[in-house]
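Quick look at protein_21.txt (compact mmCIF, N, CA and C atoms):
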# COMPACT_ATOMS: atom_id res chain seq x y z
N MET A 36 0.85 -1.18 0.00
CA MET A 36 0.00 0.00 0.00
C MET A 36 0.90 1.24 0.00
N LYS A 37 0.55 2.20 -0.85
CA LYS A 37 1.38 3.39 -0.98
C LYS A 37 0.94 4.52 -0.06
N ASP A 38 -0.36 4.86 -0.08
CA ASP A 38 -0.87 5.94 0.75
C ASP A 38 -1.86 5.38 1.77
N TYR A 39 -1.96 6.06 2.89
CA TYR A 39 -2.87 5.63 3.95
C TYR A 39 -3.35 6.86 4.69
N GLU A 40 -4.66 6.97 4.87
CA GLU A 40 -5.22 8.05 5.66
C GLU A 40 -5.59 7.50 7.03
N ILE A 41 -5.10 8.14 8.06
CA ILE A 41 -5.47 7.78 9.42
C ILE A 41 -6.98 7.96 9.57
N ASN A 42 -7.62 7.02 10.27
CA ASN A 42 -9.07 7.09 10.47
C ASN A 42 -9.43 6.64 11.88
N ASP A 43 -10.75 6.58 12.16
CA ASP A 43 -11.22 6.20 13.51
C ASP A 43 -10.76 4.81 13.95
N GLU A 44 -10.50 3.93 12.99
CA GLU A 44 -10.10 2.56 13.32
C GLU A 44 -8.58 2.37 13.45
N THR A 45 -7.81 3.41 13.14
CA THR A 45 -6.36 3.31 13.24
C THR A 45 -5.97 3.29 14.72
N LEU A 46 -5.28 2.23 15.12
CA LEU A 46 -4.86 2.09 16.52
C LEU A 46 -3.44 2.62 16.74
N ALA A 47 -2.53 2.22 15.86
CA ALA A 47 -1.12 2.58 16.01
C ALA A 47 -0.42 2.56 14.66
N ILE A 48 0.61 3.38 14.56
CA ILE A 48 1.47 3.41 13.37
C ILE A 48 2.87 3.12 13.86
N MET A 49 3.41 1.99 13.44
CA MET A 49 4.70 1.53 13.95
C MET A 49 5.73 1.45 12.84
N PRO A 50 6.97 1.87 13.12
CA PRO A 50 8.01 1.70 12.10
C PRO A 50 8.29 0.22 11.90
N ASP A 51 8.40 -0.18 10.63
CA ASP A 51 8.69 -1.58 10.31
C ASP A 51 10.18 -1.72 9.97
N ASP A 52 10.67 -0.75 9.24
CA ASP A 52 12.10 -0.58 8.98
C ASP A 52 12.28 0.90 8.64
N LEU A 53 13.39 1.29 8.07
CA LEU A 53 13.64 2.72 7.85
C LEU A 53 12.66 3.38 6.89
N TRP A 54 12.03 2.61 5.97
CA TRP A 54 11.17 3.22 4.97
C TRP A 54 9.74 2.73 5.00
N ASN A 55 9.42 1.81 5.86
CA ASN A 55 8.07 1.23 5.89
C ASN A 55 7.46 1.32 7.29
N SER A 56 6.14 1.28 7.30
CA SER A 56 5.41 1.30 8.57
C SER A 56 4.38 0.18 8.59
N MET A 57 4.07 -0.26 9.80
CA MET A 57 3.00 -1.22 10.01
C MET A 57 1.85 -0.45 10.67
N ILE A 58 0.69 -0.51 10.04
CA ILE A 58 -0.49 0.17 10.57
C ILE A 58 -1.38 -0.88 11.22
N LEU A 59 -1.74 -0.65 12.47
CA LEU A 59 -2.69 -1.52 13.15
C LEU A 59 -4.04 -0.84 13.15
N GLU A 60 -5.04 -1.55 12.64
CA GLU A 60 -6.42 -1.08 12.70
C GLU A 60 -7.22 -2.08 13.52
N ASP A 61 -8.50 -1.76 13.75
CA ASP A 61 -9.36 -2.65 14.52
C ASP A 61 -9.28 -4.10 14.04
N ASP A 62 -9.44 -4.29 12.73
CA ASP A 62 -9.50 -5.64 12.19
C ASP A 62 -8.41 -5.97 11.18
N TYR A 63 -7.55 -5.01 10.88
CA TYR A 63 -6.55 -5.22 9.83
C TYR A 63 -5.17 -4.75 10.25
N LYS A 64 -4.18 -5.23 9.51
CA LYS A 64 -2.80 -4.79 9.63
C LYS A 64 -2.34 -4.45 8.23
N TYR A 65 -1.75 -3.29 8.05
CA TYR A 65 -1.28 -2.87 6.73
C TYR A 65 0.20 -2.55 6.78
N GLU A 66 0.90 -2.84 5.69
CA GLU A 66 2.26 -2.36 5.56
C GLU A 66 2.22 -1.23 4.53
N VAL A 67 2.79 -0.09 4.89
CA VAL A 67 2.79 1.08 4.03
C VAL A 67 4.23 1.50 3.83
N ASN A 68 4.62 1.77 2.57
CA ASN A 68 6.02 2.12 2.38
C ASN A 68 6.25 3.63 2.52
N LYS A 69 5.95 4.09 3.74
CA LYS A 69 6.23 5.45 4.20
C LYS A 69 6.59 5.34 5.67
N THR A 70 7.32 6.32 6.17
CA THR A 70 7.62 6.34 7.60
C THR A 70 6.37 6.78 8.37
N PRO A 71 6.31 6.49 9.67
CA PRO A 71 5.17 6.97 10.46
C PRO A 71 4.95 8.48 10.33
N LEU A 72 6.03 9.24 10.34
CA LEU A 72 5.92 10.70 10.22
C LEU A 72 5.36 11.11 8.86
N GLU A 73 5.75 10.40 7.80
CA GLU A 73 5.21 10.69 6.46
C GLU A 73 3.72 10.37 6.41
N ILE A 74 3.30 9.30 7.08
CA ILE A 74 1.88 8.93 7.13
C ILE A 74 1.10 9.99 7.89
N LEU A 75 1.66 10.46 8.99
CA LEU A 75 1.00 11.52 9.77
C LEU A 75 0.85 12.78 8.93
N ASP A 76 1.91 13.18 8.26
CA ASP A 76 1.87 14.39 7.44
C ASP A 76 0.87 14.23 6.30
N TYR A 77 0.89 13.08 5.63
CA TYR A 77 -0.06 12.81 4.53
C TYR A 77 -1.50 12.90 5.05
N SER A 78 -1.76 12.32 6.21
CA SER A 78 -3.11 12.32 6.78
C SER A 78 -3.53 13.73 7.18
N CYS A 79 -2.63 14.49 7.78
CA CYS A 79 -2.94 15.88 8.13
C CYS A 79 -3.29 16.67 6.87
N LYS A 80 -2.51 16.48 5.81
CA LYS A 80 -2.77 17.17 4.54
C LYS A 80 -4.09 16.71 3.93
N TYR A 81 -4.37 15.43 4.01
CA TYR A 81 -5.62 14.88 3.49
C TYR A 81 -6.81 15.57 4.15
N PHE A 82 -6.67 15.88 5.44
CA PHE A 82 -7.75 16.53 6.19
C PHE A 82 -7.59 18.05 6.26
N GLY A 83 -6.71 18.62 5.40
CA GLY A 83 -6.69 20.07 5.23
C GLY A 83 -5.62 20.84 5.96
N SER A 84 -4.64 20.19 6.53
CA SER A 84 -3.56 20.91 7.20
C SER A 84 -2.24 20.25 6.81
N SER A 85 -1.29 20.22 7.73
CA SER A 85 -0.02 19.53 7.52
C SER A 85 0.52 19.18 8.89
N TYR A 86 1.47 18.26 8.93
CA TYR A 86 2.08 17.92 10.22
C TYR A 86 2.72 19.15 10.87
N PRO A 87 3.55 19.95 10.13
CA PRO A 87 4.13 21.14 10.78
C PRO A 87 3.07 22.12 11.30
N GLY A 88 1.98 22.27 10.55
CA GLY A 88 0.89 23.16 10.99
C GLY A 88 0.22 22.65 12.25
N ARG A 89 -0.09 21.35 12.26
CA ARG A 89 -0.73 20.75 13.45
C ARG A 89 0.22 20.78 14.65
N LYS A 90 1.50 20.57 14.39
CA LYS A 90 2.50 20.60 15.45
C LYS A 90 2.57 21.99 16.06
N ASP A 91 2.58 23.03 15.22
CA ASP A 91 2.59 24.41 15.73
C ASP A 91 1.36 24.69 16.57
N GLY A 92 0.20 24.19 16.12
CA GLY A 92 -1.04 24.37 16.88
C GLY A 92 -0.94 23.72 18.25
N SER A 93 -0.45 22.48 18.30
CA SER A 93 -0.30 21.78 19.58
C SER A 93 0.69 22.51 20.48
N LYS A 94 1.76 22.99 19.87
CA LYS A 94 2.80 23.71 20.61
C LYS A 94 2.21 24.93 21.32
N ASP A 95 1.38 25.70 20.59
CA ASP A 95 0.76 26.90 21.17
C ASP A 95 -0.29 26.55 22.22
N ILE A 96 -1.12 25.55 21.93
CA ILE A 96 -2.19 25.17 22.85
C ILE A 96 -1.62 24.62 24.16
N LEU A 97 -0.60 23.77 24.07
CA LEU A 97 -0.05 23.10 25.26
C LEU A 97 1.13 23.85 25.88
N ASN A 98 1.60 24.89 25.19
CA ASN A 98 2.77 25.64 25.66
C ASN A 98 3.93 24.68 25.93
N SER A 99 4.18 23.84 24.94
CA SER A 99 5.21 22.81 25.05
C SER A 99 5.81 22.60 23.67
N SER A 100 6.95 21.91 23.61
CA SER A 100 7.54 21.70 22.29
C SER A 100 8.09 20.29 22.09
N TYR A 101 7.92 19.41 23.07
CA TYR A 101 8.55 18.10 23.00
C TYR A 101 7.51 16.99 22.94
N LYS A 102 7.66 16.05 22.01
CA LYS A 102 6.76 14.88 21.87
C LYS A 102 5.29 15.30 21.86
N LEU A 103 4.97 16.23 20.99
CA LEU A 103 3.62 16.80 20.95
C LEU A 103 2.59 15.85 20.35
N PRO A 104 1.40 15.80 20.96
CA PRO A 104 0.29 15.07 20.33
C PRO A 104 -0.17 15.88 19.12
N ILE A 105 -0.73 15.19 18.14
CA ILE A 105 -1.15 15.83 16.89
C ILE A 105 -2.64 15.58 16.65
N LEU A 106 -3.38 16.66 16.43
CA LEU A 106 -4.78 16.57 16.04
C LEU A 106 -4.80 16.33 14.53
N VAL A 107 -4.98 15.09 14.13
CA VAL A 107 -4.90 14.73 12.71
C VAL A 107 -6.15 15.20 11.97
N GLU A 108 -7.31 14.99 12.58
CA GLU A 108 -8.59 15.35 11.95
C GLU A 108 -9.46 15.97 13.02
N ASP A 109 -9.96 17.19 12.79
CA ASP A 109 -10.60 17.92 13.88
C ASP A 109 -12.09 17.72 14.05
N THR A 110 -12.83 17.24 13.05
CA THR A 110 -14.26 17.06 13.28
C THR A 110 -14.54 15.84 14.16
N ARG A 111 -13.66 14.85 14.10
CA ARG A 111 -13.82 13.64 14.91
C ARG A 111 -12.79 13.57 16.04
N ASN A 112 -12.02 14.65 16.22
CA ASN A 112 -10.98 14.71 17.26
C ASN A 112 -10.05 13.50 17.22
N ILE A 113 -9.53 13.20 16.04
CA ILE A 113 -8.57 12.10 15.92
C ILE A 113 -7.20 12.64 16.32
N ILE A 114 -6.73 12.19 17.48
CA ILE A 114 -5.46 12.66 18.04
C ILE A 114 -4.51 11.47 18.19
N PHE A 115 -3.28 11.66 17.70
CA PHE A 115 -2.23 10.67 17.84
C PHE A 115 -1.09 11.29 18.62
N PHE A 116 -0.40 10.46 19.39
CA PHE A 116 0.76 10.96 20.12
C PHE A 116 1.94 10.01 19.94
N PRO A 117 3.16 10.56 19.99
CA PRO A 117 4.36 9.75 19.77
C PRO A 117 4.86 9.11 21.07
N THR A 118 5.48 7.94 20.94
CA THR A 118 6.05 7.28 22.12
C THR A 118 7.45 7.80 22.43
N SER A 119 8.06 8.49 21.47
CA SER A 119 9.39 9.08 21.66
C SER A 119 9.47 10.28 20.73
N SER A 120 10.63 10.84 20.55
CA SER A 120 10.76 11.94 19.60
C SER A 120 10.30 11.47 18.22
N PRO A 121 9.47 12.27 17.55
CA PRO A 121 9.01 11.88 16.21
C PRO A 121 10.15 11.67 15.21
N LEU A 122 11.32 12.22 15.51
CA LEU A 122 12.47 12.05 14.63
C LEU A 122 13.21 10.73 14.89
N ASP A 123 12.87 10.08 15.98
CA ASP A 123 13.47 8.80 16.34
C ASP A 123 12.94 7.70 15.41
N ASP A 124 13.83 6.89 14.87
CA ASP A 124 13.43 5.81 13.95
C ASP A 124 12.50 4.80 14.59
N ASN A 125 12.48 4.71 15.92
CA ASN A 125 11.64 3.74 16.63
C ASN A 125 10.34 4.33 17.17
N CYS A 126 10.05 5.58 16.82
CA CYS A 126 8.85 6.24 17.33
C CYS A 126 7.59 5.57 16.80
N ILE A 127 6.68 5.25 17.72
CA ILE A 127 5.37 4.69 17.40
C ILE A 127 4.34 5.77 17.69
N TRP A 128 3.36 5.90 16.82
CA TRP A 128 2.27 6.86 17.03
C TRP A 128 1.02 6.09 17.46
N ILE A 129 0.40 6.54 18.55
CA ILE A 129 -0.73 5.86 19.18
C ILE A 129 -1.99 6.73 19.10
N SER A 130 -3.11 6.10 18.80
CA SER A 130 -4.41 6.78 18.78
C SER A 130 -4.92 6.95 20.20
N LEU A 131 -5.14 8.18 20.62
CA LEU A 131 -5.64 8.44 21.97
C LEU A 131 -7.02 7.83 22.19
N SER A 132 -7.93 8.01 21.25
CA SER A 132 -9.32 7.59 21.46
C SER A 132 -9.52 6.07 21.43
N ASN A 133 -8.54 5.34 20.94
CA ASN A 133 -8.68 3.88 20.87
C ASN A 133 -8.04 3.14 22.03
N ILE A 134 -7.45 3.86 22.97
CA ILE A 134 -6.85 3.21 24.14
C ILE A 134 -7.93 2.85 25.14
N LYS A 135 -7.93 1.60 25.56
CA LYS A 135 -8.85 1.13 26.61
C LYS A 135 -8.14 1.19 27.96
N ASP A 136 -6.88 0.73 27.98
CA ASP A 136 -6.12 0.68 29.22
C ASP A 136 -4.64 0.51 28.88
N TYR A 137 -3.79 0.71 29.86
CA TYR A 137 -2.36 0.45 29.68
C TYR A 137 -1.76 0.15 31.04
N LYS A 138 -0.68 -0.66 31.03
CA LYS A 138 -0.07 -1.04 32.31
C LYS A 138 1.42 -1.25 32.14
N LYS A 139 2.11 -1.13 33.23
CA LYS A 139 3.56 -1.32 33.27
C LYS A 139 3.87 -2.80 33.09
N VAL A 140 4.81 -3.11 32.20
CA VAL A 140 5.26 -4.48 32.00
C VAL A 140 6.56 -4.68 32.79
N ASP A 141 7.50 -3.77 32.58
CA ASP A 141 8.71 -3.71 33.39
C ASP A 141 9.23 -2.28 33.34
N LYS A 142 10.45 -2.06 33.76
CA LYS A 142 10.97 -0.70 33.89
C LYS A 142 10.80 0.17 32.64
N ASN A 143 11.04 -0.40 31.46
CA ASN A 143 10.99 0.39 30.23
C ASN A 143 10.01 -0.14 29.19
N LYS A 144 8.99 -0.85 29.64
CA LYS A 144 7.99 -1.36 28.71
C LYS A 144 6.59 -1.13 29.26
N THR A 145 5.68 -0.81 28.34
CA THR A 145 4.28 -0.58 28.69
C THR A 145 3.40 -1.36 27.74
N GLU A 146 2.41 -2.04 28.28
CA GLU A 146 1.44 -2.74 27.44
C GLU A 146 0.23 -1.85 27.24
N ILE A 147 -0.17 -1.70 25.97
CA ILE A 147 -1.34 -0.89 25.63
C ILE A 147 -2.45 -1.84 25.20
N LEU A 148 -3.61 -1.72 25.84
CA LEU A 148 -4.78 -2.49 25.46
C LEU A 148 -5.73 -1.54 24.74
N PHE A 149 -6.07 -1.89 23.50
CA PHE A 149 -6.96 -1.05 22.72
C PHE A 149 -8.41 -1.46 22.94
N LYS A 150 -9.34 -0.62 22.51
CA LYS A 150 -10.77 -0.86 22.73
C LYS A 150 -11.26 -2.16 22.11
N ASN A 151 -10.58 -2.64 21.06
CA ASN A 151 -10.98 -3.90 20.43
C ASN A 151 -10.29 -5.10 21.10
N ASN A 152 -9.63 -4.86 22.23
CA ASN A 152 -8.91 -5.85 23.03
C ASN A 152 -7.62 -6.36 22.41
N LYS A 153 -7.14 -5.72 21.34
CA LYS A 153 -5.80 -6.01 20.84
C LYS A 153 -4.83 -5.32 21.79
N ALA A 154 -3.65 -5.93 21.95
CA ALA A 154 -2.65 -5.34 22.84
C ALA A 154 -1.29 -5.32 22.15
N ILE A 155 -0.52 -4.29 22.44
CA ILE A 155 0.87 -4.23 21.98
C ILE A 155 1.73 -3.80 23.16
N ILE A 156 3.00 -4.15 23.10
CA ILE A 156 3.95 -3.72 24.12
C ILE A 156 4.92 -2.75 23.45
N VAL A 157 5.09 -1.59 24.07
CA VAL A 157 6.00 -0.58 23.52
C VAL A 157 7.17 -0.38 24.47
N ASP A 158 8.31 -0.03 23.89
CA ASP A 158 9.54 0.19 24.66
C ASP A 158 9.56 1.61 25.24
N VAL A 159 8.63 1.85 26.16
CA VAL A 159 8.50 3.15 26.81
C VAL A 159 8.11 2.89 28.26
N SER A 160 8.68 3.64 29.16
CA SER A 160 8.32 3.46 30.56
C SER A 160 6.85 3.85 30.77
N TYR A 161 6.24 3.25 31.78
CA TYR A 161 4.85 3.56 32.11
C TYR A 161 4.70 5.05 32.41
N TYR A 162 5.64 5.61 33.14
CA TYR A 162 5.59 7.03 33.51
C TYR A 162 5.58 7.91 32.25
N SER A 163 6.47 7.63 31.32
CA SER A 163 6.56 8.42 30.09
C SER A 163 5.29 8.24 29.25
N PHE A 164 4.80 7.00 29.14
CA PHE A 164 3.60 6.75 28.36
C PHE A 164 2.40 7.46 28.98
N ASN A 165 2.27 7.35 30.29
CA ASN A 165 1.17 8.00 31.00
C ASN A 165 1.22 9.52 30.78
N ASN A 166 2.41 10.09 30.81
CA ASN A 166 2.59 11.52 30.57
C ASN A 166 2.09 11.90 29.17
N GLN A 167 2.40 11.07 28.18
CA GLN A 167 1.96 11.32 26.81
C GLN A 167 0.43 11.23 26.68
N VAL A 168 -0.18 10.26 27.36
CA VAL A 168 -1.64 10.13 27.36
C VAL A 168 -2.27 11.37 27.99
N MET A 169 -1.70 11.84 29.11
CA MET A 169 -2.23 13.03 29.79
C MET A 169 -2.11 14.27 28.90
N ARG A 170 -0.99 14.41 28.23
CA ARG A 170 -0.77 15.55 27.35
C ARG A 170 -1.76 15.54 26.18
N ALA A 171 -1.94 14.37 25.57
CA ALA A 171 -2.89 14.24 24.45
C ALA A 171 -4.32 14.49 24.94
N SER A 172 -4.65 14.01 26.13
CA SER A 172 -5.99 14.22 26.70
C SER A 172 -6.23 15.70 26.97
N ARG A 173 -5.20 16.38 27.42
CA ARG A 173 -5.31 17.83 27.66
C ARG A 173 -5.57 18.57 26.34
N LEU A 174 -4.85 18.19 25.30
CA LEU A 174 -5.06 18.80 23.98
C LEU A 174 -6.51 18.57 23.54
N GLU A 175 -6.98 17.34 23.66
CA GLU A 175 -8.35 17.00 23.26
C GLU A 175 -9.37 17.82 24.06
N SER A 176 -9.16 17.95 25.36
CA SER A 176 -10.08 18.68 26.23
C SER A 176 -10.13 20.18 25.87
N ILE A 177 -8.97 20.78 25.65
CA ILE A 177 -8.91 22.20 25.30
C ILE A 177 -9.61 22.45 23.97
N ILE A 178 -9.35 21.60 22.98
CA ILE A 178 -9.97 21.76 21.66
C ILE A 178 -11.48 21.58 21.75
N ARG A 179 -11.92 20.57 22.50
CA ARG A 179 -13.37 20.32 22.66
C ARG A 179 -14.04 21.53 23.31
N THR A 180 -13.40 22.08 24.34
CA THR A 180 -13.96 23.26 25.04
C THR A 180 -14.04 24.45 24.09
N ARG A 181 -13.01 24.66 23.29
CA ARG A 181 -13.02 25.78 22.33
C ARG A 181 -14.10 25.60 21.29
N LYS A 182 -14.33 24.38 20.84
CA LYS A 182 -15.39 24.13 19.85
C LYS A 182 -16.76 24.42 20.45
N GLU A 183 -16.95 24.01 21.71
CA GLU A 183 -18.23 24.24 22.37
C GLU A 183 -18.50 25.74 22.56
N LYS A 184 -17.45 26.50 22.89
CA LYS A 184 -17.58 27.95 23.05
C LYS A 184 -17.94 28.61 21.73
N ALA A 185 -17.46 28.05 20.63
CA ALA A 185 -17.67 28.64 19.31
C ALA A 185 -19.09 28.42 18.79
N LYS A 186 -19.81 27.50 19.40
CA LYS A 186 -21.18 27.19 18.92
C LYS A 186 -22.15 28.31 19.25

Take the structure in the file and write it out as structure tokens.
Amino acid sequence: MKDYEINDETLAIMPDDLWNSMILEDDYKYEVNKTPLEILDYSCKYFGSSYPGRKDGSKDILNSSYKLPILVEDTRNIIFFPTSSPLDDNCIWISLSNIKDYKKVDKNKTEILFKNNKAIIVDVSYYSFNNQVMRASRLESIIRTRKEKAK
């Protein structure tokens, strides 16, 4: 598969090697010959923005600049967050709205349980992962509040 648009069923975007990604969806797994960051940028553009534009928005809203969550699509509040620096070859992007639960596996691993009961283990400490979930949740909450005020 060449192009992929992130959607409500996208659970995670994982690097497969330097040029390919594995996409986990509710019922499918896809291999896409783009990096996770390229998929994010393509999806942001598909929905009318770009990764740098969405990143700037998150930066201003959260008053932060590191490992920012990204609002990929704003009518459905599709938000993804990175497990490490987006420039890191091992960075995995996780869908905030599809997380059911997560737990510590060991010092530097966290198991993520998605709403469809699929689970993956990521090489990130529970503390760091929890921090990313909180940051993405804060972004979602601020955006939702702003939308409600605009009505």

As a ChimeraX atom specification, please: all residues of chain A that backbone DSSP puts in strand (DSSP E or B). /A:45-50,56-60,64-67,105-108,113-117,128-130,134-141,144-149,154-157

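Distances to Tyr39 (chain A) were evaluated for A:Glu60, A:Leu53, A:Lys144, A:Val67 using all atoms listed in the file, and the minimum falls at A:Val67.
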
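What separates CA of Ile127 (chain A) from CA of Ser85 (chain A) is a distance of 18.6 Å.
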
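Of note, atom N of Ser99 (chain A) and atom N of Arg173 (chain A) are spaced 12.2 Å apart.
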
According to DSSP computed on the backbone, where in chain A is there helix (DSSP H, G or I)? Give the residues as a PyMOL selection string. chain A and resi 71-81+86-97+161-185

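Distance-wise, CA of Asp123 (chain A) and CA of Arg111 (chain A) end up 27.8 Å apart.
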
Just the residues within 12 Å of Asn98 (chain A), please, counting only C-alpha atoms, with nothing from its chain fewer than 6 positions along; format it as a list in words. Lys90, Asp91, Gly92, Arg170, Arg173 and Leu174 of chain A

What lies within 7 Å of Lys138 (chain A) using all atoms listed in the file, ignoring chain neighbours under 4 positions off, as a ChimeraX atom specification? /A:144-148,161

Neighbouring residues of Glu175 (chain A) were defined as those with any atom within 8 Å, considering all atoms listed in the file; residues of the same chain fewer than 5 positions away were excluded. Please report them as a PyMOL selection string. chain A and resi 106+112+114+169-170+180-181

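Comparing A:Cys79, A:Val168, A:Ile155, A:Ile129 by their smallest distance to Asp109 (chain A), the closest is A:Cys79 (using only C-alpha atoms).
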
Could you pull out every residue with an atom within 8 Å of (11.9, 5.4, 4.6), file coordinates, counting only N, CA and C atoms, and send them as JSON, numbers by chain? {"A": [52, 53, 54, 55, 56, 68, 69, 70, 71]}

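For Ser130 (chain A), the non-local neighbours within 6 Å, defined as residues at least 3 positions apart in the same chain or in other chains and counting only N, CA and C atoms, are Thr45, Leu46, Ala47, Ile114, Phe115, Phe116, Asn133 and Ile134 of chain A.
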
Closest to Ile41 (chain A) among A:Tyr86, A:Leu72, A:Val107, A:Tyr65, using only N, CA and C atoms? A:Val107

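All residues that come within 12 Å of the coordinates (14.1, 8.4, 19.1), counting only C-alpha atoms, are given as Pro50, Tyr101, Lys102, Pro117, Thr118, Ser119, Ser120, Pro121, Leu122, Asp123, Asp124, Asn125, Cys126, Ile127, Asp158 and Val159 of chain A.
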
Repair of region 79-86 of chain A at the level of all heavy atoms, as a PDB file, keeping the file's coordinate frame:
ATOM      1  N   CYS A  79      -2.630  14.490   7.780  1.00  0.00           N
ATOM      2  CA  CYS A  79      -2.940  15.880   8.130  1.00  0.00           C
ATOM      3  C   CYS A  79      -3.290  16.670   6.870  1.00  0.00           C
ATOM      4  O   CYS A  79      -4.253  17.437   6.841  1.00  0.00           O
ATOM      5  CB  CYS A  79      -1.774  16.540   8.866  1.00  0.00           C
ATOM      6  SG  CYS A  79      -1.518  15.949  10.548  1.00  0.00           S
ATOM      7  N   LYS A  80      -2.510  16.480   5.810  1.00  0.00           N
ATOM      8  CA  LYS A  80      -2.770  17.170   4.540  1.00  0.00           C
ATOM      9  C   LYS A  80      -4.090  16.710   3.930  1.00  0.00           C
ATOM     10  O   LYS A  80      -4.850  17.526   3.397  1.00  0.00           O
ATOM     11  CB  LYS A  80      -1.618  16.934   3.551  1.00  0.00           C
ATOM     12  CG  LYS A  80      -0.370  17.715   3.909  1.00  0.00           C
ATOM     13  CD  LYS A  80       0.777  17.375   2.970  1.00  0.00           C
ATOM     14  CE  LYS A  80       2.032  18.148   3.360  1.00  0.00           C
ATOM     15  NZ  LYS A  80       3.215  17.684   2.611  1.00  0.00           N
ATOM     16  N   TYR A  81      -4.370  15.430   4.010  1.00  0.00           N
ATOM     17  CA  TYR A  81      -5.620  14.880   3.490  1.00  0.00           C
ATOM     18  C   TYR A  81      -6.810  15.570   4.150  1.00  0.00           C
ATOM     19  O   TYR A  81      -7.833  15.825   3.511  1.00  0.00           O
ATOM     20  CB  TYR A  81      -5.658  13.366   3.745  1.00  0.00           C
ATOM     21  CG  TYR A  81      -6.865  12.669   3.181  1.00  0.00           C
ATOM     22  CD1 TYR A  81      -6.901  12.275   1.841  1.00  0.00           C
ATOM     23  CD2 TYR A  81      -7.967  12.395   3.976  1.00  0.00           C
ATOM     24  CE1 TYR A  81      -8.015  11.629   1.309  1.00  0.00           C
ATOM     25  CE2 TYR A  81      -9.079  11.747   3.461  1.00  0.00           C
ATOM     26  CZ  TYR A  81      -9.093  11.372   2.134  1.00  0.00           C
ATOM     27  OH  TYR A  81     -10.202  10.731   1.620  1.00  0.00           O
ATOM     28  N   PHE A  82      -6.670  15.880   5.440  1.00  0.00           N
ATOM     29  CA  PHE A  82      -7.750  16.530   6.190  1.00  0.00           C
ATOM     30  C   PHE A  82      -7.590  18.050   6.260  1.00  0.00           C
ATOM     31  O   PHE A  82      -8.203  18.710   7.092  1.00  0.00           O
ATOM     32  CB  PHE A  82      -7.880  15.918   7.587  1.00  0.00           C
ATOM     33  CG  PHE A  82      -8.337  14.493   7.568  1.00  0.00           C
ATOM     34  CD1 PHE A  82      -7.509  13.468   7.995  1.00  0.00           C
ATOM     35  CD2 PHE A  82      -9.602  14.162   7.097  1.00  0.00           C
ATOM     36  CE1 PHE A  82      -7.926  12.141   7.972  1.00  0.00           C
ATOM     37  CE2 PHE A  82     -10.030  12.836   7.063  1.00  0.00           C
ATOM     38  CZ  PHE A  82      -9.195  11.831   7.510  1.00  0.00           C
ATOM     39  N   GLY A  83      -6.710  18.620   5.400  1.00  0.00           N
ATOM     40  CA  GLY A  83      -6.690  20.070   5.230  1.00  0.00           C
ATOM     41  C   GLY A  83      -5.620  20.840   5.960  1.00  0.00           C
ATOM     42  O   GLY A  83      -5.694  22.074   6.019  1.00  0.00           O
ATOM     43  N   SER A  84      -4.640  20.190   6.530  1.00  0.00           N
ATOM     44  CA  SER A  84      -3.560  20.910   7.200  1.00  0.00           C
ATOM     45  C   SER A  84      -2.240  20.250   6.810  1.00  0.00           C
ATOM     46  O   SER A  84      -2.086  19.790   5.703  1.00  0.00           O
ATOM     47  CB  SER A  84      -3.769  20.892   8.726  1.00  0.00           C
ATOM     48  OG  SER A  84      -2.829  21.731   9.356  1.00  0.00           O
ATOM     49  N   SER A  85      -1.290  20.220   7.730  1.00  0.00           N
ATOM     50  CA  SER A  85      -0.020  19.530   7.520  1.00  0.00           C
ATOM     51  C   SER A  85       0.520  19.180   8.890  1.00  0.00           C
ATOM     52  O   SER A  85       0.092  19.750   9.903  1.00  0.00           O
ATOM     53  CB  SER A  85       0.984  20.423   6.780  1.00  0.00           C
ATOM     54  OG  SER A  85       1.355  21.524   7.597  1.00  0.00           O
ATOM     55  N   TYR A  86       1.470  18.260   8.930  1.00  0.00           N
ATOM     56  CA  TYR A  86       2.080  17.920  10.220  1.00  0.00           C
ATOM     57  C   TYR A  86       2.720  19.150  10.870  1.00  0.00           C
ATOM     58  O   TYR A  86       2.455  19.417  12.053  1.00  0.00           O
ATOM     59  CB  TYR A  86       3.086  16.775  10.049  1.00  0.00           C
ATOM     60  CG  TYR A  86       3.864  16.495  11.312  1.00  0.00           C
ATOM     61  CD1 TYR A  86       3.265  15.838  12.387  1.00  0.00           C
ATOM     62  CD2 TYR A  86       5.178  16.923  11.451  1.00  0.00           C
ATOM     63  CE1 TYR A  86       3.959  15.600  13.555  1.00  0.00           C
ATOM     64  CE2 TYR A  86       5.877  16.693  12.620  1.00  0.00           C
ATOM     65  CZ  TYR A  86       5.266  16.029  13.664  1.00  0.00           C
ATOM     66  OH  TYR A  86       5.957  15.812  14.829  1.00  0.00           O
TER      67      TYR A  86
END
